[in-house]
Structure formats: structure tokens, C-alpha cells
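Colleague: Structure incoming, see below.
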Number of protein chains: 2
Amino acid sequence: MREKKSAVQCAIEEALSVIGDRWSLLIIRDVLRGVNRFDTLQESLQISRNILTRRLNSLEEAGVLVKAPVSPGARRMLYNATPKCIALAPTLVSLIEWGTHWSEKPNTRWARVIDKRTGTPVTVDLVGKDGEPVSLLDLDLEY
Amino acid sequence: MREKKSAVQCAIEEALSVIGDRWSLLIIRDVLRGVNRFDTLQESLQISRNILTRRLNSLEEAGVLVKAPVSPGARRMLYNATPKCIALAPTLVSLIEWGTHWSEKPNTRWARVIDKRTGTPVTVDLVGKDGEPVSLLDLDLEY
């Protein structure tokens with residue numbers, strides 16, 4: 001009898017099941033830059049309380065955010081980034097790069113990702129096993 | 001009179017207005033790996049014809065895909081990647097990395113991103129102005 005092998009899966013689907021909607025990455029961006037109370041998130045994102053509540057709960061369930069009272073015993077909550085949340089930074093940086101480069105709004109001033117130690121810009125690179133850059137055209141997905 | 005300055009905007013919103021839904025990045029992944037007919041896309045993604053049609057049209061409008069007949073005069077269409085589409089590869093790679101690393105399905109075999117010239121894995125790095133790696137914890141978003 002042949003052993004049944006599980007099919008190889010693509011982790012993009014896994015990732016998008018957590019952050020594949022219009023709001024989650026924007027919430028994560030804000031939390032990572034220190035906007036992490038319900039009220040300040042709502043103001044920054046101009047999002048309805050209902051949708052924000054739903055997205056925050058689902059990000060908490062997924063282990064991306066952890067909720068804690070603003071001060072011991074307080075009713076108001078802070079949403080803090082977990083390591084799983086911080087690990088999304090390269091995705092955010094690559095989307096900022098892409099959106100900035102390909103935008104059709106020429107007169108817009110775009111926020112820049114910087115290294116806060118030096119104030120200089122940070123970019124995303126594709127790197128091979130030897131540490132050398134890999135061209136976008138040399139990529140393949142191996143199933 | 002003070003000159004009115006336009007507010008600085010974050011390009012993530014720009015990017016998510018194009019690819020911030022459950023399907024677009026999966027379609028783009030498939031087109032980039034050569035799955036680019038309507039029928040093969042539908043089979044790969046297990047998506048309804050209606051939704052696939054809508055997403056393909058919107059990606060075409062956004063300049064991410066270009067439609068061309070399978071052969072001259074044919075009715076069946078191919079969807080090809082534009083440079084704007086290829087430029088999303090770092091986003092896809094970072095999501096594959098994140099999904100693979102943080103998945104809670106331990107026995108899954110995940111597809112790997114490789115350099116097709118060598119067959120070795122490709123990763124995404126954050127790089128500063130001097131070419132040196134930047135830590136996730138040293139990032140800031142400058143408005």
C-alpha cells in the first residue's frame with residue numbers, strides 16, 4: 001500500500017488567512033509605530049468601531065497582537081505587537097516600496113521607512129544562499 | 001499666508017487598494033509561476049468564475065496584468081505579468097517566509113522560494129543605506 005503523502009502547500013495562503021484583508025496590515029503598521037489604543041487606532045484609520053473590534057480580536061486570536069490594560073486595573077486597552085507581528089515588518093516595507101514606486105499620484109509626499117539609529121532609508125532585498133542579491137526574474141516557487 | 005502643505009501619505013494604503021484582498025496576491029503568485037490562463041487559474045485557486053473575472057479585470061485596470069489571446073485571433077486569454085506585477089515578488093517572498101515560519105501546522109511541507117539558477121533558497125532582507133542588514137526593531141516610519 002502506498003503511503004499517502006500530504007501535498008506541498010504554499011504558505012502565502014496561510015499568511016493571507018491572517019492578514020489578507022483591507023485593514024489588518026494597516027492596523028499592524030500603526031501598532032508597530034506606537035499607535036496602539038483603540039481610540040487612536042480608530043482615529044488614524046478612520047474605520048468603524050465594529051470593524052476595528054472585529055479585526056483586533058482576530059489579530060489577537062492569531063497571536064499577532066496582545067491586549068493589556070492601559071494601566072493596572074484600567075478598562076481601556078492597549079494592543080501590543082508580538083514577535084509574530086514584528087516579523088511582518090519586511091512585508092510592510094516591501095508594500096511601502098511598491099506603493100511608492102508604482103503610485104500614479106506624482107505630487108504625493110510619501111512616508112519613508114528609515115533606520116531609526118541613523119535616519120537613513122531602509123529597503124528590502126532578495127538574497128540568495130551566498131548572501132548575494134537575487135534578481136526578481138530568477139525566482140521560482142518549488143513545490 | 002502660510003502655504004498649505006499636502007499631508008504625507010503612507011504608500012501601504014496605495015498598495016492595499018490594489019492587492020489588499022483575499023485573492024489578488026494568490027492570482028499574482030500563480031501568474032508569476034506561469035499559471036496564467038483563466039481555466040488553469042480557476043483550477044489552481046478553486047475560486048468562482050465571477051470572482052476570478054472581477055479580480056483579473058481589476059488587476060488589469062491597475063496595470064498589474066496584461067491580457068492577450070492565447071494565439072493570434074483566439075478567444076481564450078492569457079494573463080501576463082507586467083513589471084509592476086514582477087515588482088511584487090519581494091512582498092510574496094516575505095509573506096511565504098512569514099507564513100512558513102509562523103504557521104501552526106507543523107507537519108506541512110511548504111513550497112520554497114528558490115533561485116532558479118542554483119536551486120538554493122531565497123530570503124528577504126532589510127538593508128540600510130550602507131548595504132548592511134537592519135534589524136526589525138530599528139525600523140521607523142518617517143511621515
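Residue numbering restarts at 1 for every chain of the C-alpha cells, chains are lettered A, B, ... in their displayed order, and ligands are numbered from 1 as they appear.
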Could you write out as a PDB file with N, CA, C and O atoms, in the first residue's frame the residues of chain A within 6 Å of chain B, counting only C-alpha atoms?

Modeller:
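Result file follows (part-v4.pdb):
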```pdb
ATOM      1  N   VAL A   8       2.301  19.427  -1.017  1.00  0.00           N
ATOM      2  CA  VAL A   8       3.075  20.600  -0.617  1.00  0.00           C
ATOM      3  C   VAL A   8       2.160  21.816  -0.685  1.00  0.00           C
ATOM      4  O   VAL A   8       1.408  21.986  -1.638  1.00  0.00           O
ATOM      5  N   GLN A   9       2.202  22.638   0.342  1.00  0.00           N
ATOM      6  CA  GLN A   9       1.334  23.802   0.361  1.00  0.00           C
ATOM      7  C   GLN A   9       2.116  25.102   0.267  1.00  0.00           C
ATOM      8  O   GLN A   9       3.286  25.150   0.620  1.00  0.00           O
ATOM      9  N   CYS A  10       1.436  26.129  -0.206  1.00  0.00           N
ATOM     10  CA  CYS A  10       2.079  27.435  -0.300  1.00  0.00           C
ATOM     11  C   CYS A  10       1.673  28.277   0.904  1.00  0.00           C
ATOM     12  O   CYS A  10       0.496  28.459   1.190  1.00  0.00           O
ATOM     13  N   ALA A  11       2.679  28.784   1.603  1.00  0.00           N
ATOM     14  CA  ALA A  11       2.419  29.493   2.855  1.00  0.00           C
ATOM     15  C   ALA A  11       1.796  30.867   2.648  1.00  0.00           C
ATOM     16  O   ALA A  11       1.406  31.522   3.609  1.00  0.00           O
ATOM     17  N   ILE A  12       1.714  31.318   1.395  1.00  0.00           N
ATOM     18  CA  ILE A  12       1.029  32.608   1.174  1.00  0.00           C
ATOM     19  C   ILE A  12      -0.420  32.493   1.614  1.00  0.00           C
ATOM     20  O   ILE A  12      -0.977  33.414   2.220  1.00  0.00           O
ATOM     21  N   GLU A  14      -1.617  30.617   3.913  1.00  0.00           N
ATOM     22  CA  GLU A  14      -1.572  30.668   5.370  1.00  0.00           C
ATOM     23  C   GLU A  14      -1.466  32.121   5.861  1.00  0.00           C
ATOM     24  O   GLU A  14      -2.203  32.554   6.752  1.00  0.00           O
ATOM     25  N   ALA A  15      -0.560  32.857   5.237  1.00  0.00           N
ATOM     26  CA  ALA A  15      -0.350  34.253   5.640  1.00  0.00           C
ATOM     27  C   ALA A  15      -1.593  35.098   5.355  1.00  0.00           C
ATOM     28  O   ALA A  15      -2.037  35.887   6.192  1.00  0.00           O
ATOM     29  N   GLY A  20      -4.884  38.877   5.091  1.00  0.00           N
ATOM     30  CA  GLY A  20      -5.335  39.147   3.726  1.00  0.00           C
ATOM     31  C   GLY A  20      -6.648  39.906   3.658  1.00  0.00           C
ATOM     32  O   GLY A  20      -7.594  39.428   3.052  1.00  0.00           O
ATOM     33  N   ASP A  21      -6.713  41.055   4.269  1.00  0.00           N
ATOM     34  CA  ASP A  21      -7.916  41.873   4.143  1.00  0.00           C
ATOM     35  C   ASP A  21      -7.480  43.329   4.077  1.00  0.00           C
ATOM     36  O   ASP A  21      -6.305  43.646   4.221  1.00  0.00           O
ATOM     37  N   ARG A  22      -8.429  44.190   3.884  1.00  0.00           N
ATOM     38  CA  ARG A  22      -8.139  45.609   3.668  1.00  0.00           C
ATOM     39  C   ARG A  22      -7.526  46.281   4.906  1.00  0.00           C
ATOM     40  O   ARG A  22      -6.816  47.271   4.784  1.00  0.00           O
ATOM     41  N   THR A  91       7.254  42.573   5.095  1.00  0.00           N
ATOM     42  CA  THR A  91       6.091  42.654   4.210  1.00  0.00           C
ATOM     43  C   THR A  91       5.612  44.110   4.099  1.00  0.00           C
ATOM     44  O   THR A  91       5.345  44.604   3.003  1.00  0.00           O
ATOM     45  N   SER A  94       8.115  46.138   2.049  1.00  0.00           N
ATOM     46  CA  SER A  94       8.047  45.855   0.611  1.00  0.00           C
ATOM     47  C   SER A  94       6.790  46.474  -0.006  1.00  0.00           C
ATOM     48  O   SER A  94       6.821  46.957  -1.143  1.00  0.00           O
ATOM     49  N   LEU A  95       5.683  46.511   0.738  1.00  0.00           N
ATOM     50  CA  LEU A  95       4.467  47.136   0.209  1.00  0.00           C
ATOM     51  C   LEU A  95       4.604  48.655   0.126  1.00  0.00           C
ATOM     52  O   LEU A  95       4.094  49.284  -0.806  1.00  0.00           O
ATOM     53  N   ILE A  96       5.289  49.245   1.097  1.00  0.00           N
ATOM     54  CA  ILE A  96       5.523  50.697   1.051  1.00  0.00           C
ATOM     55  C   ILE A  96       6.394  51.031  -0.152  1.00  0.00           C
ATOM     56  O   ILE A  96       6.131  51.978  -0.898  1.00  0.00           O
ATOM     57  N   GLY A  99       4.200  50.518  -3.335  1.00  0.00           N
ATOM     58  CA  GLY A  99       3.180  51.563  -3.456  1.00  0.00           C
ATOM     59  C   GLY A  99       3.793  52.902  -3.830  1.00  0.00           C
ATOM     60  O   GLY A  99       3.251  53.649  -4.647  1.00  0.00           O
ATOM     61  N   THR A 100       4.942  53.211  -3.254  1.00  0.00           N
ATOM     62  CA  THR A 100       5.605  54.477  -3.549  1.00  0.00           C
ATOM     63  C   THR A 100       6.097  54.504  -4.991  1.00  0.00           C
ATOM     64  O   THR A 100       5.892  55.463  -5.726  1.00  0.00           O
ATOM     65  N   ARG A 109       3.686  63.342  -1.195  1.00  0.00           N
ATOM     66  CA  ARG A 109       4.867  63.088  -0.352  1.00  0.00           C
ATOM     67  C   ARG A 109       4.586  61.828   0.444  1.00  0.00           C
ATOM     68  O   ARG A 109       3.613  61.755   1.168  1.00  0.00           O
ATOM     69  N   TRP A 110       5.452  60.827   0.265  1.00  0.00           N
ATOM     70  CA  TRP A 110       5.227  59.532   0.889  1.00  0.00           C
ATOM     71  C   TRP A 110       6.049  59.379   2.154  1.00  0.00           C
ATOM     72  O   TRP A 110       7.193  59.808   2.213  1.00  0.00           O
ATOM     73  N   ALA A 111       5.463  58.729   3.149  1.00  0.00           N
ATOM     74  CA  ALA A 111       6.212  58.362   4.346  1.00  0.00           C
ATOM     75  C   ALA A 111       7.328  57.387   3.942  1.00  0.00           C
ATOM     76  O   ALA A 111       7.143  56.560   3.051  1.00  0.00           O
ATOM     77  N   ARG A 112       8.486  57.513   4.599  1.00  0.00           N
ATOM     78  CA  ARG A 112       9.632  56.662   4.266  1.00  0.00           C
ATOM     79  C   ARG A 112       9.958  55.732   5.424  1.00  0.00           C
ATOM     80  O   ARG A 112       9.850  56.121   6.587  1.00  0.00           O
ATOM     81  N   VAL A 113      10.391  54.525   5.088  1.00  0.00           N
ATOM     82  CA  VAL A 113      10.884  53.621   6.127  1.00  0.00           C
ATOM     83  C   VAL A 113      12.354  53.948   6.365  1.00  0.00           C
ATOM     84  O   VAL A 113      13.148  53.963   5.420  1.00  0.00           O
ATOM     85  N   ILE A 114      12.690  54.220   7.617  1.00  0.00           N
ATOM     86  CA  ILE A 114      14.075  54.566   7.934  1.00  0.00           C
ATOM     87  C   ILE A 114      14.619  53.677   9.062  1.00  0.00           C
ATOM     88  O   ILE A 114      13.870  53.047   9.798  1.00  0.00           O
ATOM     89  N   ASP A 115      15.958  53.663   9.122  1.00  0.00           N
ATOM     90  CA  ASP A 115      16.670  53.063  10.249  1.00  0.00           C
ATOM     91  C   ASP A 115      16.726  54.134  11.330  1.00  0.00           C
ATOM     92  O   ASP A 115      17.354  55.183  11.140  1.00  0.00           O
ATOM     93  N   LYS A 116      16.077  53.891  12.470  1.00  0.00           N
ATOM     94  CA  LYS A 116      15.954  54.982  13.439  1.00  0.00           C
ATOM     95  C   LYS A 116      17.276  55.319  14.125  1.00  0.00           C
ATOM     96  O   LYS A 116      17.394  56.372  14.727  1.00  0.00           O
ATOM     97  N   VAL A 122      15.563  52.519   4.506  1.00  0.00           N
ATOM     98  CA  VAL A 122      15.722  51.063   4.544  1.00  0.00           C
ATOM     99  C   VAL A 122      14.964  50.476   3.360  1.00  0.00           C
ATOM    100  O   VAL A 122      13.854  50.907   3.048  1.00  0.00           O
ATOM    101  N   THR A 123      15.578  49.523   2.685  1.00  0.00           N
ATOM    102  CA  THR A 123      14.896  48.864   1.575  1.00  0.00           C
ATOM    103  C   THR A 123      14.875  47.357   1.805  1.00  0.00           C
ATOM    104  O   THR A 123      15.511  46.844   2.730  1.00  0.00           O
ATOM    105  N   VAL A 124      14.138  46.672   0.934  1.00  0.00           N
ATOM    106  CA  VAL A 124      14.024  45.227   1.028  1.00  0.00           C
ATOM    107  C   VAL A 124      14.801  44.598  -0.127  1.00  0.00           C
ATOM    108  O   VAL A 124      14.695  45.053  -1.261  1.00  0.00           O
ATOM    109  N   ASP A 125      15.638  43.616   0.175  1.00  0.00           N
ATOM    110  CA  ASP A 125      16.413  42.932  -0.863  1.00  0.00           C
ATOM    111  C   ASP A 125      16.120  41.440  -0.859  1.00  0.00           C
ATOM    112  O   ASP A 125      15.906  40.852   0.202  1.00  0.00           O
ATOM    113  N   LEU A 126      16.158  40.850  -2.042  1.00  0.00           N
ATOM    114  CA  LEU A 126      16.092  39.395  -2.145  1.00  0.00           C
ATOM    115  C   LEU A 126      17.513  38.866  -2.138  1.00  0.00           C
ATOM    116  O   LEU A 126      18.356  39.322  -2.918  1.00  0.00           O
ATOM    117  N   VAL A 127      17.782  37.924  -1.257  1.00  0.00           N
ATOM    118  CA  VAL A 127      19.148  37.480  -1.041  1.00  0.00           C
ATOM    119  C   VAL A 127      19.227  35.965  -1.182  1.00  0.00           C
ATOM    120  O   VAL A 127      18.383  35.242  -0.652  1.00  0.00           O
ATOM    121  N   GLY A 128      20.241  35.487  -1.910  1.00  0.00           N
ATOM    122  CA  GLY A 128      20.446  34.051  -2.095  1.00  0.00           C
ATOM    123  C   GLY A 128      21.239  33.451  -0.949  1.00  0.00           C
ATOM    124  O   GLY A 128      21.604  34.132   0.015  1.00  0.00           O
ATOM    125  N   ASP A 138      14.857  35.750 -11.447  1.00  0.00           N
ATOM    126  CA  ASP A 138      15.455  34.431 -11.206  1.00  0.00           C
ATOM    127  C   ASP A 138      14.735  33.625 -10.124  1.00  0.00           C
ATOM    128  O   ASP A 138      15.217  32.578  -9.704  1.00  0.00           O
ATOM    129  N   LEU A 139      13.592  34.148  -9.666  1.00  0.00           N
ATOM    130  CA  LEU A 139      12.863  33.443  -8.605  1.00  0.00           C
ATOM    131  C   LEU A 139      12.036  32.305  -9.165  1.00  0.00           C
ATOM    132  O   LEU A 139      11.536  32.358 -10.272  1.00  0.00           O
ATOM    133  N   ASP A 140      11.880  31.276  -8.356  1.00  0.00           N
ATOM    134  CA  ASP A 140      10.931  30.215  -8.688  1.00  0.00           C
ATOM    135  C   ASP A 140      10.318  29.688  -7.386  1.00  0.00           C
ATOM    136  O   ASP A 140      10.911  29.831  -6.319  1.00  0.00           O
ATOM    137  N   LEU A 141       9.128  29.127  -7.506  1.00  0.00           N
ATOM    138  CA  LEU A 141       8.467  28.566  -6.330  1.00  0.00           C
ATOM    139  C   LEU A 141       8.516  27.052  -6.476  1.00  0.00           C
ATOM    140  O   LEU A 141       7.971  26.484  -7.421  1.00  0.00           O
ATOM    141  N   GLU A 142       9.207  26.384  -5.563  1.00  0.00           N
ATOM    142  CA  GLU A 142       9.420  24.940  -5.667  1.00  0.00           C
ATOM    143  C   GLU A 142       8.408  24.195  -4.806  1.00  0.00           C
ATOM    144  O   GLU A 142       8.445  24.304  -3.578  1.00  0.00           O
ATOM    145  N   TYR A 143       7.533  23.447  -5.450  1.00  0.00           N
ATOM    146  CA  TYR A 143       6.506  22.691  -4.717  1.00  0.00           C
ATOM    147  C   TYR A 143       6.989  21.273  -4.411  1.00  0.00           C
ATOM    148  O   TYR A 143       7.950  20.807  -4.997  1.00  0.00           O
TER     149      TYR A 143
END
```

Colleague: DSSP on the backbone: what in segment 1-104 of chain A comes out strand (DSSP E or B), as a PyMOL selection string?

Modeller: chain A and resi 9+37+65-69+77-81

Colleague: Apply DSSP to the backbone of this structure and, from chain B, keep only the residues in helix (DSSP H, G or I); write these as a PyMOL selection string.

Modeller: chain B and resi 11-19+24-32+38-45+49-61+83-86+89-102+136-138

Colleague: Just fit chain B onto chain A on all the Cα atoms, in order, by least squares, and give it as a tab-separated table (two decimals) with C-alpha atoms, in the first residue's frame.

Modeller:
```tsv
chain	number	residue	atom	x	y	z
B	1	MET	CA	0.78	-0.01	-0.94
B	2	ARG	CA	2.06	3.44	-1.68
B	3	GLU	CA	2.41	5.76	1.23
B	4	LYS	CA	0.08	8.69	0.89
B	5	LYS	CA	2.06	11.90	0.92
B	6	SER	CA	0.49	15.14	2.03
B	7	ALA	CA	0.49	17.74	-0.72
B	8	VAL	CA	2.98	20.55	-0.54
B	9	GLN	CA	1.23	23.76	0.43
B	10	CYS	CA	1.98	27.39	-0.22
B	11	ALA	CA	2.34	29.47	2.93
B	12	ILE	CA	0.96	32.58	1.25
B	13	GLU	CA	-2.52	31.18	1.79
B	14	GLU	CA	-1.66	30.66	5.45
B	15	ALA	CA	-0.42	34.25	5.70
B	16	LEU	CA	-3.40	35.74	3.87
B	17	SER	CA	-5.83	33.89	6.12
B	18	VAL	CA	-4.44	36.10	8.92
B	19	ILE	CA	-3.68	39.42	7.18
B	20	GLY	CA	-5.40	39.16	3.78
B	21	ASP	CA	-7.96	41.88	4.19
B	22	ARG	CA	-8.18	45.62	3.70
B	23	TRP	CA	-7.44	46.55	7.33
B	24	SER	CA	-5.15	44.14	9.15
B	25	LEU	CA	-1.85	45.33	7.66
B	26	LEU	CA	-2.83	48.96	8.33
B	27	ILE	CA	-3.60	48.13	11.96
B	28	ILE	CA	-0.27	46.30	12.23
B	29	ARG	CA	1.59	49.26	10.67
B	30	ASP	CA	0.04	51.58	13.24
B	31	VAL	CA	0.70	49.32	16.23
B	32	LEU	CA	4.33	48.95	15.13
B	33	ARG	CA	4.75	52.73	15.04
B	34	GLY	CA	3.22	53.08	18.50
B	35	VAL	CA	-0.41	53.87	17.69
B	36	ASN	CA	-1.89	51.16	19.85
B	37	ARG	CA	-4.99	52.32	21.72
B	38	PHE	CA	-8.43	51.63	20.38
B	39	ASP	CA	-9.24	55.35	20.07
B	40	THR	CA	-6.00	56.42	18.42
B	41	LEU	CA	-6.22	53.49	16.01
B	42	GLN	CA	-9.77	54.45	15.12
B	43	GLU	CA	-8.74	58.05	14.50
B	44	SER	CA	-5.68	57.11	12.47
B	45	LEU	CA	-7.51	54.59	10.27
B	46	GLN	CA	-10.92	56.29	10.02
B	47	ILE	CA	-12.52	52.89	10.49
B	48	SER	CA	-15.83	52.01	12.14
B	49	ARG	CA	-15.71	50.80	15.77
B	50	ASN	CA	-17.33	47.51	14.75
B	51	ILE	CA	-14.81	46.64	12.08
B	52	LEU	CA	-11.88	47.74	14.23
B	53	THR	CA	-13.11	45.59	17.13
B	54	ARG	CA	-13.51	42.60	14.84
B	55	ARG	CA	-10.06	42.98	13.26
B	56	LEU	CA	-8.34	43.52	16.64
B	57	ASN	CA	-10.00	40.42	18.06
B	58	SER	CA	-9.01	38.33	15.11
B	59	LEU	CA	-5.40	39.58	15.21
B	60	GLU	CA	-5.32	38.80	18.93
B	61	GLU	CA	-6.64	35.27	18.31
B	62	ALA	CA	-3.97	34.79	15.65
B	63	GLY	CA	-1.25	35.74	18.16
B	64	VAL	CA	-0.28	38.90	16.26
B	65	LEU	CA	-1.41	41.34	18.97
B	66	VAL	CA	-1.73	41.08	22.75
B	67	LYS	CA	-4.23	43.14	24.69
B	68	ALA	CA	-3.34	44.73	28.04
B	69	PRO	CA	-4.98	47.43	30.18
B	70	VAL	CA	-3.54	50.94	29.67
B	71	SER	CA	-2.64	50.91	33.39
B	72	PRO	CA	-3.24	48.18	36.01
B	73	GLY	CA	-6.98	47.79	36.53
B	74	ALA	CA	-7.92	50.27	33.80
B	75	ARG	CA	-10.74	49.48	31.39
B	76	ARG	CA	-9.07	51.00	28.36
B	77	MET	CA	-6.84	48.66	26.43
B	78	LEU	CA	-3.50	48.80	24.64
B	79	TYR	CA	-2.78	46.48	21.74
B	80	ASN	CA	0.86	45.46	21.69
B	81	ALA	CA	2.90	43.81	18.94
B	82	THR	CA	4.07	40.22	19.49
B	83	PRO	CA	7.19	38.80	17.76
B	84	LYS	CA	4.78	37.34	15.17
B	85	CYS	CA	3.61	40.91	14.49
B	86	ILE	CA	7.13	42.38	14.34
B	87	ALA	CA	8.03	39.64	11.83
B	88	LEU	CA	5.58	41.24	9.38
B	89	ALA	CA	7.81	44.32	9.04
B	90	PRO	CA	9.51	43.10	5.81
B	91	THR	CA	6.06	42.63	4.24
B	92	LEU	CA	5.09	46.16	5.24
B	93	VAL	CA	8.36	47.61	3.97
B	94	SER	CA	8.02	45.82	0.63
B	95	LEU	CA	4.45	47.10	0.22
B	96	ILE	CA	5.52	50.66	1.06
B	97	GLU	CA	8.29	50.39	-1.53
B	98	TRP	CA	5.94	49.01	-4.14
B	99	GLY	CA	3.17	51.52	-3.45
B	100	THR	CA	5.61	54.43	-3.55
B	101	HIS	CA	7.31	53.30	-6.74
B	102	TRP	CA	4.20	52.38	-8.73
B	103	SER	CA	1.79	55.01	-7.49
B	104	GLU	CA	0.13	57.18	-10.07
B	105	LYS	CA	-0.09	60.14	-7.73
B	106	PRO	CA	3.08	62.01	-8.72
B	107	ASN	CA	2.76	64.94	-6.33
B	108	THR	CA	2.31	62.93	-3.18
B	109	ARG	CA	4.86	63.05	-0.38
B	110	TRP	CA	5.23	59.49	0.86
B	111	ALA	CA	6.22	58.33	4.32
B	112	ARG	CA	9.65	56.62	4.24
B	113	VAL	CA	10.88	53.59	6.13
B	114	ILE	CA	14.08	54.54	7.92
B	115	ASP	CA	16.66	53.03	10.23
B	116	LYS	CA	15.95	54.94	13.42
B	117	ARG	CA	19.58	54.75	14.53
B	118	THR	CA	20.76	56.71	11.49
B	119	GLY	CA	17.67	58.27	9.90
B	120	THR	CA	18.61	56.73	6.53
B	121	PRO	CA	16.21	54.77	4.28
B	122	VAL	CA	15.70	51.02	4.55
B	123	THR	CA	14.88	48.81	1.58
B	124	VAL	CA	13.99	45.17	1.06
B	125	ASP	CA	16.37	42.87	-0.82
B	126	LEU	CA	16.04	39.32	-2.11
B	127	VAL	CA	19.09	37.40	-0.99
B	128	GLY	CA	20.38	33.97	-2.03
B	129	LYS	CA	22.12	31.34	0.09
B	130	ASP	CA	25.50	32.97	-0.49
B	131	GLY	CA	24.22	36.37	0.67
B	132	GLU	CA	24.27	37.74	-2.87
B	133	PRO	CA	21.26	39.64	-4.28
B	134	VAL	CA	18.85	37.59	-6.39
B	135	SER	CA	17.01	39.13	-9.35
B	136	LEU	CA	13.21	39.16	-9.36
B	137	LEU	CA	13.40	37.24	-12.63
B	138	ASP	CA	15.38	34.34	-11.16
B	139	LEU	CA	12.78	33.36	-8.56
B	140	ASP	CA	10.85	30.13	-8.63
B	141	LEU	CA	8.38	28.50	-6.26
B	142	GLU	CA	9.35	24.88	-5.58
B	143	TYR	CA	6.41	22.65	-4.63
```
